[in-house]
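Visitor: File entry24.cif follows (mmCIF, C-alpha atoms):
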```cif
data_final
#
loop_
_atom_site.label_atom_id
_atom_site.label_comp_id
_atom_site.auth_asym_id
_atom_site.auth_seq_id
_atom_site.Cartn_x
_atom_site.Cartn_y
_atom_site.Cartn_z
CA MET A 985 -14.34 5.94 -1.24
CA ILE A 986 -12.12 8.02 0.96
CA SER A 987 -9.71 10.73 0.05
CA THR A 988 -6.05 10.91 0.74
CA PRO A 989 -4.72 14.20 2.05
CA SER A 990 -4.43 16.94 -0.52
CA ASP A 991 -1.18 18.47 0.65
CA GLY A 992 0.98 15.42 0.21
CA THR A 993 0.81 12.90 2.99
CA TRP A 994 2.82 14.68 5.62
CA GLU A 995 0.40 14.12 8.46
CA PHE A 996 1.17 10.44 8.48
CA GLY A 997 4.50 11.30 10.02
CA ALA A 998 2.56 11.46 13.26
CA PRO A 999 0.27 8.62 14.31
CA ALA A 1000 -2.83 9.34 12.25
CA GLN A 1001 -5.71 7.29 11.04
CA PHE A 1002 -8.44 7.54 8.46
CA TYR A 1003 -11.92 8.10 9.75
CA GLN A 1004 -13.08 5.47 7.27
CA ARG A 1005 -11.70 1.97 7.22
CA CYS A 1006 -9.77 1.04 4.10
CA VAL A 1007 -10.13 -2.29 2.32
CA PRO A 1008 -6.81 -3.84 3.47
CA GLU A 1009 -7.59 -2.96 7.05
CA ILE A 1010 -11.09 -4.41 6.80
CA PHE A 1011 -9.64 -7.67 5.51
CA ARG A 1012 -7.21 -7.77 8.41
CA LEU A 1013 -10.08 -7.16 10.79
CA VAL A 1014 -11.88 -10.11 9.26
CA ASN A 1015 -8.76 -12.14 10.01
CA SER A 1016 -8.77 -11.27 13.69
CA VAL A 1017 -12.38 -10.72 14.70
CA THR A 1018 -13.91 -13.62 16.59
CA ASP A 1019 -17.53 -12.54 16.96
CA ILE A 1020 -18.35 -12.05 13.27
CA SER A 1021 -21.99 -11.35 12.65
CA GLN A 1022 -24.05 -13.82 10.67
CA GLU A 1023 -24.31 -11.43 7.71
CA ILE A 1024 -20.54 -11.22 7.40
CA LEU A 1025 -20.24 -14.97 7.79
CA ASP A 1026 -22.76 -15.48 4.98
CA PHE A 1027 -20.78 -13.14 2.75
CA GLU A 1028 -17.54 -14.87 3.64
CA TYR A 1029 -18.88 -18.35 2.94
CA ARG A 1030 -20.29 -17.26 -0.40
CA ASN A 1031 -16.88 -16.09 -1.48
CA ARG A 1032 -14.48 -18.59 0.00
CA THR A 1033 -13.45 -22.03 -1.02
CA ALA A 1034 -13.06 -24.90 1.37
CA THR A 1035 -9.32 -24.39 1.55
CA THR A 1036 -9.25 -20.63 1.72
CA ASP A 1037 -8.34 -19.07 5.01
CA MET A 1038 -6.88 -15.67 5.83
CA TRP A 1039 -6.38 -12.50 3.82
CA GLU A 1040 -2.86 -11.35 3.01
CA THR A 1041 -2.70 -7.65 2.20
CA THR A 1042 0.48 -6.64 0.42
CA HIS A 1043 1.60 -3.58 -1.52
CA PHE A 1044 4.37 -3.50 -4.15
CA GLN A 1045 6.05 -0.54 -5.81
CA SER A 1046 9.53 0.09 -7.16
CA MET A 1047 9.70 3.66 -5.88
CA THR A 1048 10.71 4.30 -2.32
CA THR A 1049 8.05 5.14 0.21
CA ASP A 1050 10.19 7.85 1.77
CA TRP A 1051 8.54 10.82 0.12
CA GLU A 1052 5.93 12.76 2.06
CA GLU A 1053 5.39 9.98 4.59
CA GLU A 1054 3.96 7.63 1.99
CA LEU A 1055 4.98 4.65 4.09
CA GLY A 1056 2.87 5.95 6.97
CA MET A 1057 -0.06 6.36 4.62
CA LEU A 1058 0.28 2.81 3.29
CA LYS A 1059 0.41 1.51 6.84
CA ALA A 1060 -2.69 3.51 7.68
CA PHE A 1061 -4.40 1.84 4.73
CA GLY A 1062 -3.80 -1.37 6.66
CA PHE A 1063 -1.39 -3.32 4.44
CA SER A 1064 0.32 -6.10 6.35
CA SER A 1065 3.41 -5.98 4.15
CA ILE A 1066 4.88 -3.23 2.01
CA PHE A 1067 7.57 -3.86 -0.59
CA ASP A 1068 9.18 -0.72 -1.98
CA GLY A 1069 12.34 0.56 -3.65
CA ASN A 1070 14.27 0.38 -0.39
CA CYS A 1071 13.63 -3.36 -0.29
CA ILE A 1072 14.89 -3.69 -3.86
CA ALA A 1073 18.04 -1.81 -2.92
CA LYS A 1074 18.54 -3.99 0.16
CA PHE A 1075 17.98 -7.27 -1.68
CA ASN A 1076 20.20 -6.24 -4.58
CA GLY A 1077 22.95 -5.21 -2.20
CA ASP A 1078 22.85 -1.63 -3.44
CA LYS A 1079 23.03 1.45 -1.30
CA GLU A 1080 19.73 2.88 -0.17
CA PHE A 1081 17.93 5.23 -2.52
CA ASP A 1082 18.62 8.90 -1.98
CA HIS A 1083 15.72 9.95 -4.16
CA PRO A 1084 12.22 8.47 -4.34
CA PHE A 1085 12.99 7.19 -7.82
CA GLY A 1086 16.48 5.86 -7.31
CA TYR A 1087 20.07 6.95 -6.86
CA PHE A 1088 21.80 10.25 -7.46
CA ASP A 1089 25.28 9.71 -8.86
CA GLU A 1090 27.60 12.46 -7.69
CA GLY A 1091 30.21 11.68 -10.32
CA THR A 1092 27.92 12.17 -13.28
CA ALA A 1093 25.27 14.30 -11.55
CA LEU A 1094 22.71 11.93 -13.01
CA LEU A 1095 19.80 10.28 -11.35
CA PHE A 1096 19.57 6.53 -11.84
CA HIS A 1097 16.08 5.27 -11.50
CA ALA A 1098 14.59 2.09 -10.22
CA LEU A 1099 12.33 0.92 -13.02
CA THR A 1100 8.85 -0.33 -12.36
CA THR A 1101 10.01 -3.65 -13.79
CA ASP A 1102 12.62 -3.92 -11.03
CA ALA A 1103 9.94 -4.95 -8.55
CA LEU A 1104 8.45 -7.53 -10.90
CA PRO A 1105 10.70 -10.51 -10.02
CA TYR A 1106 9.94 -9.96 -6.36
CA LEU A 1107 6.23 -9.79 -7.09
CA TRP A 1108 6.29 -13.16 -8.86
CA ASN A 1109 8.47 -14.62 -6.14
CA TYR A 1110 5.96 -13.48 -3.54
CA ILE A 1111 2.99 -14.84 -5.50
CA ASP A 1112 4.72 -18.19 -6.02
CA GLU A 1113 5.38 -18.38 -2.28
CA PHE A 1114 1.76 -17.39 -1.64
CA ARG A 1115 0.52 -20.24 -3.83
CA LYS A 1116 2.52 -22.74 -1.79
CA ARG A 1117 1.00 -21.74 1.54
CA LYS A 1118 -1.16 -24.31 3.29
CA PRO A 1119 -3.85 -23.70 4.24
CA LYS A 1120 -4.32 -21.48 1.26
CA ASN A 1121 -4.76 -17.80 2.00
CA ARG A 1122 -6.62 -15.09 0.12
CA LEU A 1123 -4.69 -12.27 -1.45
CA TYR A 1124 -5.35 -8.55 -1.58
CA LEU A 1125 -2.41 -7.39 -3.66
CA SER A 1126 -1.66 -3.82 -4.63
CA TRP A 1127 0.79 -2.81 -7.35
CA MET A 1128 1.69 0.79 -8.09
CA ASP A 1129 3.10 1.68 -11.49
CA SER A 1130 4.85 5.04 -11.54
CA THR A 1131 6.28 5.00 -15.07
CA THR A 1132 3.89 7.64 -16.39
CA HIS A 1133 4.95 9.95 -13.57
CA TRP A 1134 7.62 12.48 -14.52
CA PRO A 1135 10.55 11.95 -15.24
CA ILE A 1136 9.10 9.02 -17.26
CA ILE A 1137 11.95 6.53 -17.34
CA LEU A 1138 11.34 3.65 -19.74
CA PRO A 1139 13.35 0.43 -19.48
CA PRO A 1140 16.19 0.63 -22.06
CA GLN A 1141 15.43 -2.79 -23.58
CA TRP A 1142 11.78 -1.94 -24.11
CA ARG A 1143 12.74 1.46 -25.47
CA GLU A 1144 15.06 -0.02 -28.10
CA LYS A 1145 12.41 -2.38 -29.44
CA ASN A 1146 9.15 -0.55 -28.91
CA TYR A 1147 9.66 3.22 -28.74
CA LYS A 1148 7.63 4.89 -31.47
CA GLN A 1149 7.47 8.44 -32.64
CA TYR A 1150 3.92 9.69 -32.74
CA LEU A 1151 4.36 13.45 -32.90
CA LYS A 1152 6.35 15.68 -35.21
CA ALA A 1153 9.35 17.39 -33.75
CA LYS A 1154 9.23 21.14 -33.92
CA GLY A 1155 12.27 23.06 -35.12
CA ASP A 1156 15.74 21.59 -35.08
CA ALA A 1157 15.81 17.82 -34.70
CA ASN A 1158 18.39 18.26 -31.97
CA ASN A 1159 16.34 20.85 -30.23
CA TRP A 1160 12.82 19.61 -30.10
CA ASP A 1161 10.01 21.51 -28.60
CA ARG A 1162 9.98 20.38 -25.00
CA GLU A 1163 6.23 19.92 -24.88
CA ASN A 1164 6.22 17.62 -27.90
CA ILE A 1165 9.07 15.53 -26.55
CA SER A 1166 7.32 15.15 -23.23
CA LEU A 1167 4.02 14.26 -24.83
CA ASP A 1168 5.61 11.77 -27.21
CA LEU A 1169 7.48 10.21 -24.32
CA TRP A 1170 4.36 10.09 -22.20
CA ILE A 1171 2.32 8.40 -24.95
CA ASN A 1172 5.07 5.79 -25.18
CA ALA A 1173 4.82 5.38 -21.41
CA VAL A 1174 1.11 4.67 -21.82
CA LYS A 1175 1.99 2.00 -24.38
CA TRP A 1176 4.59 0.62 -21.97
CA THR A 1177 1.94 0.54 -19.23
CA ASP A 1178 -0.33 -1.48 -21.50
CA ASP A 1179 2.48 -3.99 -22.02
CA MET A 1180 3.06 -4.09 -18.26
CA VAL A 1181 -0.60 -4.72 -17.45
CA GLN A 1182 -0.51 -7.51 -20.03
CA LYS A 1183 2.51 -9.03 -18.28
CA LEU A 1184 0.79 -8.87 -14.92
CA ILE A 1185 -2.49 -10.42 -16.07
CA LEU A 1186 -0.78 -13.09 -18.15
CA GLY A 1187 1.47 -13.85 -15.17
CA PHE A 1188 -1.63 -14.55 -13.11
CA ARG A 1189 -2.98 -16.67 -15.96
CA GLU A 1190 0.22 -18.75 -16.14
CA ARG A 1191 -0.05 -19.40 -12.41
CA GLY A 1192 -3.68 -20.46 -12.62
CA LEU A 1193 -4.85 -17.49 -10.58
CA GLU A 1194 -6.60 -15.45 -13.25
CA ASP A 1195 -10.03 -17.05 -12.86
CA GLU A 1196 -10.06 -16.62 -9.11
CA THR A 1197 -8.81 -13.03 -9.08
CA LEU A 1198 -10.73 -9.78 -9.41
CA PHE A 1199 -8.55 -7.21 -11.20
CA VAL A 1200 -9.19 -3.60 -10.25
CA MET A 1201 -7.33 -0.77 -11.94
CA TYR A 1202 -7.24 2.69 -10.46
CA ILE A 1203 -6.24 5.63 -12.61
CA HIS A 1204 -4.86 8.61 -10.83
CA LEU A 1205 -6.05 11.60 -12.84
CA LYS A 1206 -9.44 12.51 -14.20
CA ARG A 1207 -7.96 14.79 -16.80
CA MET B 206 0.80 0.25 44.95
CA TYR B 207 2.00 2.25 41.97
CA ALA B 208 2.36 -0.87 39.91
CA MET B 209 -0.96 -2.53 40.73
CA PRO B 210 -3.21 -0.64 38.23
CA GLY B 211 -0.59 -1.14 35.56
CA LEU B 212 -0.34 -4.86 36.27
CA VAL B 213 -4.13 -5.22 36.14
CA ALA B 214 -4.30 -3.33 32.83
CA MET B 215 -1.44 -5.40 31.45
CA ALA B 216 -3.16 -8.66 32.45
CA TYR B 217 -6.44 -7.53 30.91
CA ARG B 218 -4.81 -6.53 27.65
CA LEU B 219 -2.79 -9.73 27.45
CA PHE B 220 -5.99 -11.70 27.99
CA SER B 221 -7.93 -9.73 25.36
CA THR B 222 -5.03 -9.99 22.94
CA TRP B 223 -4.89 -13.73 23.40
CA THR B 224 -8.61 -14.19 22.88
CA ALA B 225 -8.57 -11.89 19.83
CA ARG B 226 -6.23 -14.18 17.89
CA PRO B 227 -7.85 -17.56 17.61
CA ARG B 228 -6.04 -18.27 14.38
CA PRO B 229 -2.32 -18.01 13.73
CA PRO B 230 -1.13 -14.93 11.86
CA PRO B 231 -0.29 -15.27 8.15
CA ALA B 232 3.08 -16.65 7.28
CA LEU B 233 5.82 -14.05 7.35
CA LEU B 234 6.37 -12.42 4.01
CA PRO B 235 9.72 -12.05 2.26
CA TYR B 236 10.11 -8.43 3.34
CA ASP B 237 9.54 -9.22 7.00
CA GLN B 238 11.90 -12.14 6.89
CA ARG B 239 14.77 -10.63 5.00
CA CYS B 240 14.73 -7.21 6.60
CA GLU B 241 14.87 -8.85 10.02
CA GLN B 242 17.67 -11.25 9.20
CA GLY B 243 21.04 -10.81 10.79
CA LYS B 244 19.94 -9.23 14.05
CA PRO B 245 20.51 -10.99 17.39
CA LYS B 246 17.36 -12.69 18.69
CA LEU B 247 16.79 -10.29 21.60
CA ARG B 248 17.25 -7.22 19.41
CA ARG B 249 14.99 -8.72 16.76
CA LYS B 250 12.17 -9.59 19.16
CA ALA B 251 12.28 -6.55 21.41
CA PRO B 252 14.93 -4.06 20.34
CA LEU B 253 14.17 -1.53 23.06
CA ILE B 254 14.70 -4.00 25.88
CA VAL B 255 18.45 -3.90 25.32
CA ALA B 256 18.44 -0.13 25.50
CA LEU B 257 16.29 -0.19 28.61
CA LEU B 258 18.65 -2.58 30.36
CA CYS B 259 21.53 -0.23 29.58
CA VAL B 260 19.58 2.70 31.02
CA LEU B 261 18.66 0.69 34.11
CA LEU B 262 22.28 -0.17 34.81
CA GLY B 263 23.34 3.35 33.97
CA VAL B 264 21.09 4.81 36.64
CA TYR B 265 23.15 3.21 39.39
CA ILE B 266 26.36 4.85 38.29
CA LEU B 267 24.84 8.34 38.32
CA PRO B 268 26.28 10.90 40.75
CA PRO B 269 24.49 10.78 44.12
CA TYR B 270 23.10 14.28 43.99
CA PRO B 271 20.71 15.24 42.48
CA TRP B 272 20.32 12.38 40.01
CA ARG B 273 20.38 9.39 42.31
CA ARG B 274 16.94 10.31 43.66
CA LEU B 275 15.57 9.16 40.31
CA THR B 276 16.14 5.61 41.49
CA ALA B 277 13.14 5.97 43.83
CA THR B 278 10.80 5.28 40.93
CA ILE B 279 13.12 3.25 38.74
CA LEU B 280 11.36 -0.06 39.30
CA TYR B 281 7.99 1.45 38.40
CA ASP B 282 9.42 3.14 35.30
CA PHE B 283 11.21 0.00 34.25
CA GLY B 284 8.11 -2.17 34.73
CA ALA B 285 5.90 0.27 32.84
CA ALA B 286 8.34 0.52 29.94
CA ILE B 287 8.87 -3.23 29.63
CA SER B 288 5.15 -3.98 29.84
CA SER B 289 4.45 -1.38 27.13
CA ILE B 290 6.97 -3.04 24.84
CA ILE B 291 5.62 -6.52 25.52
CA LEU B 292 2.01 -5.43 25.03
CA GLY B 293 2.79 -3.42 21.95
CA HIS B 294 4.65 -6.34 20.43
CA HIS B 295 1.83 -8.80 21.07
CA VAL B 296 -0.90 -6.48 19.91
CA LYS B 297 0.95 -5.68 16.69
CA VAL B 298 1.42 -9.36 15.98
CA ALA B 299 -2.26 -9.99 16.56
CA ASP B 300 -3.35 -7.37 14.07
CA SER B 301 -2.35 -4.06 12.56
CA PRO B 302 -1.70 -1.05 14.78
CA THR B 303 -4.97 0.45 13.64
CA ALA B 304 -6.98 -2.67 13.07
CA ARG B 305 -8.78 -2.59 16.39
CA LEU B 306 -11.90 -0.57 16.69
CA GLY B 307 -13.06 1.09 19.86
CA SER B 308 -12.38 3.73 22.45
CA ASN B 309 -11.90 1.38 25.36
CA PRO B 310 -9.56 3.02 27.92
CA LEU B 311 -7.85 -0.32 28.36
CA GLY B 312 -7.63 -0.88 24.62
CA ASN B 313 -7.21 2.14 22.40
CA PHE B 314 -8.83 5.40 21.45
CA HIS B 315 -9.04 4.73 17.76
CA TYR B 316 -11.97 6.18 15.93
CA ASP B 317 -14.94 3.84 15.84
CA PRO B 318 -17.66 4.73 13.32
CA ALA B 319 -20.14 2.64 15.31
CA GLU B 320 -19.92 5.19 18.10
CA ASP B 321 -20.02 8.26 15.88
CA PRO B 322 -23.50 9.88 15.95
CA TYR B 323 -22.71 11.76 12.73
CA TYR B 324 -21.57 8.70 10.79
CA ILE B 325 -23.78 7.94 7.80
CA SER B 326 -23.79 4.26 6.95
CA ASN B 327 -25.06 2.60 3.80
CA LEU B 328 -24.92 -0.89 5.21
CA ASP B 329 -28.71 -1.01 5.46
CA GLU B 330 -29.06 -0.27 1.74
CA PRO B 331 -29.05 -2.96 -0.94
CA ILE B 332 -25.90 -3.43 -3.02
CA ASP B 333 -25.72 -1.08 -5.98
CA GLU B 334 -27.60 -2.70 -8.86
CA PHE B 335 -24.86 -2.10 -11.40
CA ILE B 336 -22.20 -3.63 -9.18
CA ALA B 337 -24.46 -6.53 -8.23
CA SER B 338 -25.24 -7.30 -11.89
CA ALA B 339 -21.60 -6.98 -12.89
CA LEU B 340 -20.45 -9.41 -10.22
CA ASN B 341 -23.38 -11.77 -10.54
CA GLY B 342 -22.18 -15.33 -11.04
CA THR B 343 -18.53 -14.44 -10.50
CA HIS B 344 -16.42 -16.21 -7.95
CA PHE B 345 -13.10 -14.83 -6.82
CA THR B 346 -10.88 -15.36 -3.85
CA ASN B 347 -8.15 -12.83 -4.60
CA ILE B 348 -8.11 -9.15 -5.51
CA PHE B 349 -5.31 -7.51 -7.50
CA HIS B 350 -5.38 -3.73 -7.28
CA ILE B 351 -3.26 -1.99 -9.94
CA VAL B 352 -2.61 1.71 -9.36
CA LEU B 353 -1.51 3.67 -12.40
CA GLU B 354 0.20 6.75 -11.07
CA SER B 355 -0.12 9.90 -13.22
CA MET B 356 -2.26 8.16 -15.80
CA ARG B 357 -5.23 9.99 -17.32
CA GLU B 358 -8.71 8.58 -17.39
CA ASP B 359 -9.06 9.31 -21.12
CA SER B 360 -5.70 7.74 -21.94
CA TYR B 361 -6.00 4.21 -20.64
CA PRO B 362 -7.56 2.67 -22.59
CA TRP B 363 -6.72 5.42 -25.11
CA ASP B 364 -9.93 7.31 -25.82
CA GLU B 365 -10.02 8.81 -29.30
CA SER B 366 -12.91 11.03 -28.27
CA GLY B 367 -11.14 12.12 -25.10
CA LEU B 368 -9.85 15.59 -24.33
CA LEU B 369 -6.18 14.72 -24.74
CA HIS B 370 -6.68 13.10 -28.13
CA GLN B 371 -8.75 16.05 -29.32
CA HIS B 372 -6.07 18.44 -28.06
CA ILE B 373 -3.41 16.55 -30.00
CA ILE B 374 -5.45 16.56 -33.20
CA LYS B 375 -6.09 20.30 -32.98
CA ASN B 376 -2.77 21.56 -31.69
CA VAL B 377 0.01 19.08 -32.38
CA GLU B 378 1.41 17.82 -35.68
CA PHE B 379 1.85 14.12 -36.21
CA ALA B 380 5.26 12.77 -37.15
CA GLU B 381 5.84 12.00 -40.83
CA ASN B 382 5.80 8.23 -41.27
CA GLY B 383 5.19 8.06 -37.55
CA THR B 384 2.93 5.68 -35.72
CA PRO B 385 -0.69 6.81 -35.80
CA ILE B 386 -2.20 7.70 -32.47
CA ARG B 387 -5.06 5.28 -32.12
CA THR B 388 -6.53 3.13 -29.40
CA ASP B 389 -5.20 -0.06 -31.00
CA THR B 390 -1.66 1.31 -31.35
CA ILE B 391 -1.33 2.66 -27.80
CA SER B 392 -3.40 0.37 -25.58
CA PRO B 393 -4.11 -2.79 -27.58
CA PHE B 394 -4.09 -5.21 -24.67
CA ILE B 395 -6.51 -3.47 -22.35
CA THR B 396 -8.75 -2.72 -25.32
CA SER B 397 -8.88 -6.41 -26.14
CA LEU B 398 -10.35 -6.96 -22.67
CA ALA B 399 -12.96 -4.27 -23.12
CA GLU B 400 -15.89 -6.66 -23.28
CA HIS B 401 -14.96 -7.97 -19.86
CA THR B 402 -13.97 -4.70 -18.25
CA ILE B 403 -16.20 -2.57 -16.05
CA SER B 404 -15.27 1.07 -15.89
CA TRP B 405 -16.36 3.69 -13.38
CA HIS B 406 -15.75 7.30 -14.33
CA THR B 407 -17.14 9.03 -11.30
CA THR B 408 -15.29 7.57 -8.36
CA TRP B 409 -14.41 10.98 -7.05
CA ALA B 410 -12.71 11.47 -3.75
CA SER B 411 -13.36 14.57 -1.72
CA ILE B 412 -10.09 16.47 -1.45
CA PRO B 413 -10.24 18.90 1.44
CA PHE B 414 -7.76 21.68 1.94
CA THR B 415 -7.20 20.49 5.45
CA HIS B 416 -6.30 16.99 6.45
CA LYS B 417 -8.27 17.39 9.64
CA ALA B 418 -11.48 16.66 7.78
CA MET B 419 -10.34 13.16 6.93
CA LEU B 420 -7.76 12.20 9.48
CA GLY B 421 -7.82 11.70 13.19
CA ARG B 422 -4.81 12.16 15.41
CA THR B 423 -4.12 9.04 17.45
CA PRO B 424 -3.58 9.95 21.11
CA PHE B 425 -0.65 8.32 22.83
CA LEU B 426 -2.39 7.81 26.15
CA LEU B 427 -3.12 4.14 26.74
CA THR B 428 -2.54 3.23 23.14
CA HIS B 429 -0.10 0.78 21.77
#
```
Would you mind writing the file's structure down as structure tokens?

Guide:
Amino acid sequence: MISTPSDGTWEFGAPAQFYQRCVPEIFRLVNSVTDISQEILDFEYRNRTATTDMWETTHFQSMTTDWEEELGMLKAFGFSSIFDGNCIAKFNGDKEFDHPFGYFDEGTALLFHALTTDALPYLWNYIDEFRKRKPKNRLYLSWMDSTTHWPIILPPQWREKNYKQYLKAKGDANNWDRENISLDLWINAVKWTDDMVQKLILGFRERGLEDETLFVMYIHLKR
Amino acid sequence: MYAMPGLVAMAYRLFSTWTARPRPPPALLPYDQRCEQGKPKLRRKAPLIVALLCVLLGVYILPPYPWRRLTATILYDFGAAISSIILGHHVKVADSPTARLGSNPLGNFHYDPAEDPYYISNLDEPIDEFIASALNGTHFTNIFHIVLESMREDSYPWDESGLLHQHIIKNVEFAENGTPIRTDTISPFITSLAEHTISWHTTWASIPFTHKAMLGRTPFLLTH
């Protein structure tokens, strides 16, 4: 496992590379290398079907990749395609994001966020297109969920139906203790994440991809 | 004479690029297609060529002195710039900008662990027993990597013996008639998969205080 830079990802603003190869880049190398050693061929044949051909390496997220040269970092990982909040804005005909999480409205001085669910229709569209490809490719798909990252914006429809109060408010009901509000909100975001993971896995199941897909979840913080 | 080494290098790289792509690249993805729509063909294929043509024509309307003397090398400069664009375009189509190993002067100077005397490989070691046993008998063709930003290890699935849960029990009051904080109320779905889930808790990454320990600067010389 390799690290990502500690002080943000600023260095990717200049052409930089990891000393270690990352998984997406290795898959792309497998796509292009002609003189594959016998060991690699054996591994490949063990894991491929008769109709499987090349790896597609794609990353999805609903945030922009503009902050701290994240786009450069994702490219250095070796993804062949990157779908981010700017793509959502472009496809929806909206103006480009002026904040990694969405739009800043000057009239109301409020920040309007792109929700993690905003990228979901595009994800399914991409997967459906992927399933149609002939010869069939292999997929290394990455999905980043940023809902548990501050400022923790939950989709309004989910919030109406599913938001639960776990912790007691301190003091005036209209003036809760900030820590409790944040923690309560964050626990709800964990519940929302569970629902989202369920949607993703069941979406793969509906498309007949669950049994041929290895699901790997990476959690950001140790504690 | 100036152009000969460049032409030889260009021919070599075109040849190696051609032989390095025996199979067609993957079909274009929605992002590539839609973000490229609407541009004229020349701008879409090689956007800098249009700018270079403008510069080339602009050179001949420069004042005679002292700028006109730049025209002495204009053909060389033009040829070098165009060939760089053509090569860069072809190489990027063949694979990713960093997906070619090696320090070949006619290729690139990217870091190649095979040539690093200090590189420690584990390729000669057997596959980790735990991973091998976990994947034994499985067959998969796709990988779906889900990154949960700002999620805690002891929170997903919700760990009732974890630090956060213990902190809440000791220091925070529960809401009256509120929902109890339990694994099955916060993360029921992932918990239902527990029997089929493998969890690593020690996949630490080394986080240096300088990027230089983990990143290499890509030199511009003879790179695409």

Visitor: Using the chain letters and numbers from this file, what does the PyMOL selection byres ((chain B and resi 392) around 9) select? Give the answer as a count of residues only.

Guide: 20

Visitor: Leaving out Asp1168 of chain A and any residue of its chain fewer than 2 positions from it, which residues lie within 12 Å of it when counting all atoms listed in the file, given as number ranges by chain?

Guide: A: 1132, 1136, 1147-1153, 1160-1166, 1170-1175; B: 373, 377-380, 383-386, 391

Visitor: So what does the PyMOL selection byres ((chain A and resi 1100) around 8) actually pick up in this one, as a PyMOL selection string?

Guide: chain A and resi 1045-1047+1098-1099+1101-1104+1129-1131

Visitor: Excluding same-chain residues fewer than 4 positions from Phe283 of chain B, what lies within 10 Å of it counting all atoms listed in the file, as a ChimeraX atom specification?

Guide: /B:254,257-258,260-261,278-279,287-289

Visitor: Measuring atom to atom with only C-alpha atoms, identify which of A:Cys1006, A:Leu1123, A:Leu1193, A:Ala1073 is nearest to chain B.

Guide: A:Leu1123
